[in-house]
Amino acid sequence: QVQLQASGGGLVQAGGSLGLSCAASGSIDSIGLMSWYRQVPGNQREQVASITSGGRPWYRGSVAGRFTISRNNANYTVDLQMSSLIPDDTAVYYCNMVVNSYAYWGQGTLVTVSS
(Lines give C-alpha, C1' and ligand atoms only; values in the text may rest on other atoms or scores of the structure.)
Protein backbone atom coordinates (compact mmCIF):
# COMPACT_ATOMS: atom_id res chain seq x y z
CA GLN A 1 0.00 0.00 0.00
CA VAL A 2 1.36 3.38 -1.03
CA GLN A 3 0.05 6.70 0.17
CA LEU A 4 0.84 10.25 -0.84
CA GLN A 5 0.43 13.05 1.68
CA ALA A 6 0.37 16.61 0.40
CA SER A 7 0.91 19.65 2.56
CA GLY A 8 1.14 23.39 2.13
CA GLY A 9 -1.30 25.54 0.27
CA GLY A 10 -3.50 28.22 1.72
CA LEU A 11 -4.41 31.82 1.01
CA VAL A 12 -1.93 34.27 -0.47
CA GLN A 13 -2.15 37.66 -2.11
CA ALA A 14 -1.34 38.12 -5.75
CA GLY A 15 2.39 38.47 -6.23
CA GLY A 16 3.14 36.33 -3.21
CA SER A 17 4.78 32.95 -2.82
CA LEU A 18 3.70 29.60 -1.51
CA GLY A 19 5.22 26.13 -1.24
CA LEU A 20 3.67 22.71 -1.58
CA SER A 21 5.17 19.41 -0.51
CA CYS A 22 4.17 15.81 -1.06
CA ALA A 23 5.60 12.72 0.59
CA ALA A 24 5.15 9.09 -0.37
CA SER A 25 5.06 6.31 2.18
CA GLY A 26 4.48 2.60 2.21
CA SER A 27 6.02 -0.26 0.29
CA ILE A 28 8.20 1.61 -2.20
CA ASP A 29 10.68 -0.04 -4.54
CA SER A 30 11.01 2.74 -7.07
CA ILE A 31 9.56 6.12 -7.91
CA GLY A 32 9.58 7.45 -11.43
CA LEU A 33 7.92 10.61 -12.58
CA MET A 34 6.68 13.00 -9.91
CA SER A 35 4.15 15.65 -10.88
CA TRP A 36 1.87 18.36 -9.65
CA TYR A 37 -1.57 18.90 -11.15
CA ARG A 38 -4.28 21.41 -10.39
CA GLN A 39 -8.00 21.55 -10.86
CA VAL A 40 -10.56 24.31 -10.78
CA PRO A 41 -14.16 23.18 -10.14
CA GLY A 42 -15.85 22.53 -13.46
CA ASN A 43 -12.56 22.22 -15.32
CA GLN A 44 -10.35 19.29 -16.15
CA ARG A 45 -7.35 18.52 -14.02
CA GLU A 46 -4.24 19.92 -15.69
CA GLN A 47 -0.60 19.09 -15.24
CA VAL A 48 1.40 21.98 -13.84
CA ALA A 49 4.92 20.58 -13.52
CA SER A 50 6.75 17.30 -13.46
CA ILE A 51 10.21 16.02 -12.72
CA THR A 52 11.84 12.80 -13.84
CA SER A 53 13.76 10.45 -11.60
CA GLY A 54 16.89 11.97 -13.05
CA GLY A 55 15.82 15.46 -12.06
CA ARG A 56 14.68 16.84 -15.41
CA PRO A 57 11.80 19.27 -14.89
CA TRP A 58 8.92 20.23 -17.16
CA TYR A 59 6.56 23.17 -16.65
CA ARG A 60 3.26 24.19 -18.07
CA GLY A 61 3.74 27.34 -20.10
CA SER A 62 1.63 29.53 -17.83
CA VAL A 63 3.77 28.75 -14.77
CA ALA A 64 7.23 28.51 -16.34
CA GLY A 65 9.56 30.98 -14.69
CA ARG A 66 7.31 31.30 -11.64
CA PHE A 67 7.10 27.74 -10.29
CA THR A 68 9.96 25.43 -9.37
CA ILE A 69 9.59 21.70 -8.89
CA SER A 70 12.15 19.65 -7.00
CA ARG A 71 12.39 16.16 -5.60
CA ASN A 72 14.27 14.25 -2.95
CA ASN A 73 14.65 10.64 -3.97
CA ALA A 74 15.94 9.54 -0.57
CA ASN A 75 12.90 10.94 1.24
CA TYR A 76 10.35 10.20 -1.52
CA THR A 77 9.22 13.81 -1.63
CA VAL A 78 8.37 16.32 -4.31
CA ASP A 79 8.04 20.04 -3.71
CA LEU A 80 6.52 22.85 -5.72
CA GLN A 81 7.69 26.35 -4.95
CA MET A 82 5.31 28.92 -6.40
CA SER A 83 6.12 32.60 -6.74
CA SER A 84 4.60 35.64 -8.43
CA LEU A 85 1.24 34.01 -7.89
CA ILE A 86 -1.77 35.30 -9.80
CA PRO A 87 -5.50 34.73 -9.20
CA ASP A 88 -5.59 32.27 -12.12
CA ASP A 89 -3.34 29.99 -10.06
CA THR A 90 -6.22 29.44 -7.64
CA ALA A 91 -7.07 25.74 -7.66
CA VAL A 92 -6.84 22.49 -5.76
CA TYR A 93 -3.34 21.15 -6.30
CA TYR A 94 -2.67 17.40 -6.44
CA CYS A 95 0.61 15.54 -6.36
CA ASN A 96 1.10 12.45 -8.47
CA MET A 97 3.87 9.90 -8.35
CA VAL A 98 4.59 6.78 -10.37
CA VAL A 99 5.50 4.34 -7.61
CA ASN A 100 6.41 0.77 -8.47
CA SER A 101 5.07 1.52 -11.99
CA TYR A 102 1.65 2.60 -10.72
CA ALA A 103 0.36 6.15 -10.55
CA TYR A 104 -0.81 7.40 -7.16
CA TRP A 105 -2.51 10.64 -6.21
CA GLY A 106 -2.30 12.77 -3.13
CA GLN A 107 -5.42 14.11 -1.48
CA GLY A 108 -5.28 17.64 -2.90
CA THR A 109 -4.54 20.93 -1.22
CA LEU A 110 -6.27 24.23 -1.91
CA VAL A 111 -4.34 27.25 -3.09
CA THR A 112 -6.23 30.53 -3.17
CA VAL A 113 -4.67 33.67 -4.64
CA SER A 114 -6.51 36.87 -3.86
CA SER A 115 -6.31 39.92 -6.09
# chains A, B, ... in the order shown; residues from 1 in each chain; ligands from 1
$ residues_around --residues "Tyr93 (chain A)" --least-positions-apart "3" --cutoff "8 Å" --atoms "only C-alpha atoms" --output "number ranges by chain"
A: 36-39, 108-111
$ closest_atom_pairs --of "region 67-88 of chain A" --to "region 27-35 of chain A" --cutoff "12 Å" --atoms "only C-alpha atoms" --output "CSV"
residue,atom,partner,partner_atom,distance
A:Thr68,CA,A:Ser35,CA,11.5
A:Ile69,CA,A:Ser35,CA,8.4
A:Ser70,CA,A:Met34,CA,9.1
A:Arg71,CA,A:Met34,CA,7.8
A:Asn72,CA,A:Met34,CA,10.4
A:Asn73,CA,A:Ile31,CA,7.9
A:Ala74,CA,A:Ile31,CA,10.3
A:Asn75,CA,A:Ile31,CA,10.9
A:Tyr76,CA,A:Ile31,CA,7.6
A:Thr77,CA,A:Met34,CA,8.7
A:Val78,CA,A:Met34,CA,6.7
A:Asp79,CA,A:Ser35,CA,9.3
A:Leu80,CA,A:Ser35,CA,9.2
$ residues_around --residues "Ser115 (chain A)" --least-positions-apart "5" --cutoff "7 Å" --atoms "only C-alpha atoms" --output "list in words"
Gln13, Ala14 and Pro87 of chain A
$ write_last_selection --atoms "N, CA, C and O atoms" --output "PDB file, in the first residue's frame"
ATOM      1  N   GLN A  13      -1.816  36.545  -1.227  1.00  0.00           N
ATOM      2  CA  GLN A  13      -2.148  37.664  -2.106  1.00  0.00           C
ATOM      3  C   GLN A  13      -1.414  37.535  -3.429  1.00  0.00           C
ATOM      4  O   GLN A  13      -0.336  36.921  -3.502  1.00  0.00           O
ATOM      5  N   ALA A  14      -1.983  38.111  -4.440  1.00  0.00           N
ATOM      6  CA  ALA A  14      -1.343  38.118  -5.752  1.00  0.00           C
ATOM      7  C   ALA A  14       0.063  38.713  -5.639  1.00  0.00           C
ATOM      8  O   ALA A  14       0.273  39.714  -4.949  1.00  0.00           O
ATOM      9  N   PRO A  87      -4.203  35.354  -9.524  1.00  0.00           N
ATOM     10  CA  PRO A  87      -5.495  34.735  -9.198  1.00  0.00           C
ATOM     11  C   PRO A  87      -5.812  33.493 -10.035  1.00  0.00           C
ATOM     12  O   PRO A  87      -6.479  32.580  -9.538  1.00  0.00           O
TER      13      PRO A  87
END
$ atom_distance --atom1 "CA of Tyr94 (chain A)" --atom2 "CA of Ala6 (chain A)"
7.5 Å
$ residues_around --residues "Trp58 (chain A)" --least-positions-apart "2" --cutoff "10 Å" --atoms "only C-alpha atoms" --output "NGL selection string"
:A and (35 or 47-52 or 55-56 or 60-61 or 64 or 68-69)
$ atom_distance --atom1 "CA of Ser25 (chain A)" --atom2 "CA of Val2 (chain A)"
5.7 Å
$ atom_distance --atom1 "CA of Pro41 (chain A)" --atom2 "CA of Thr90 (chain A)"
10.4 Å
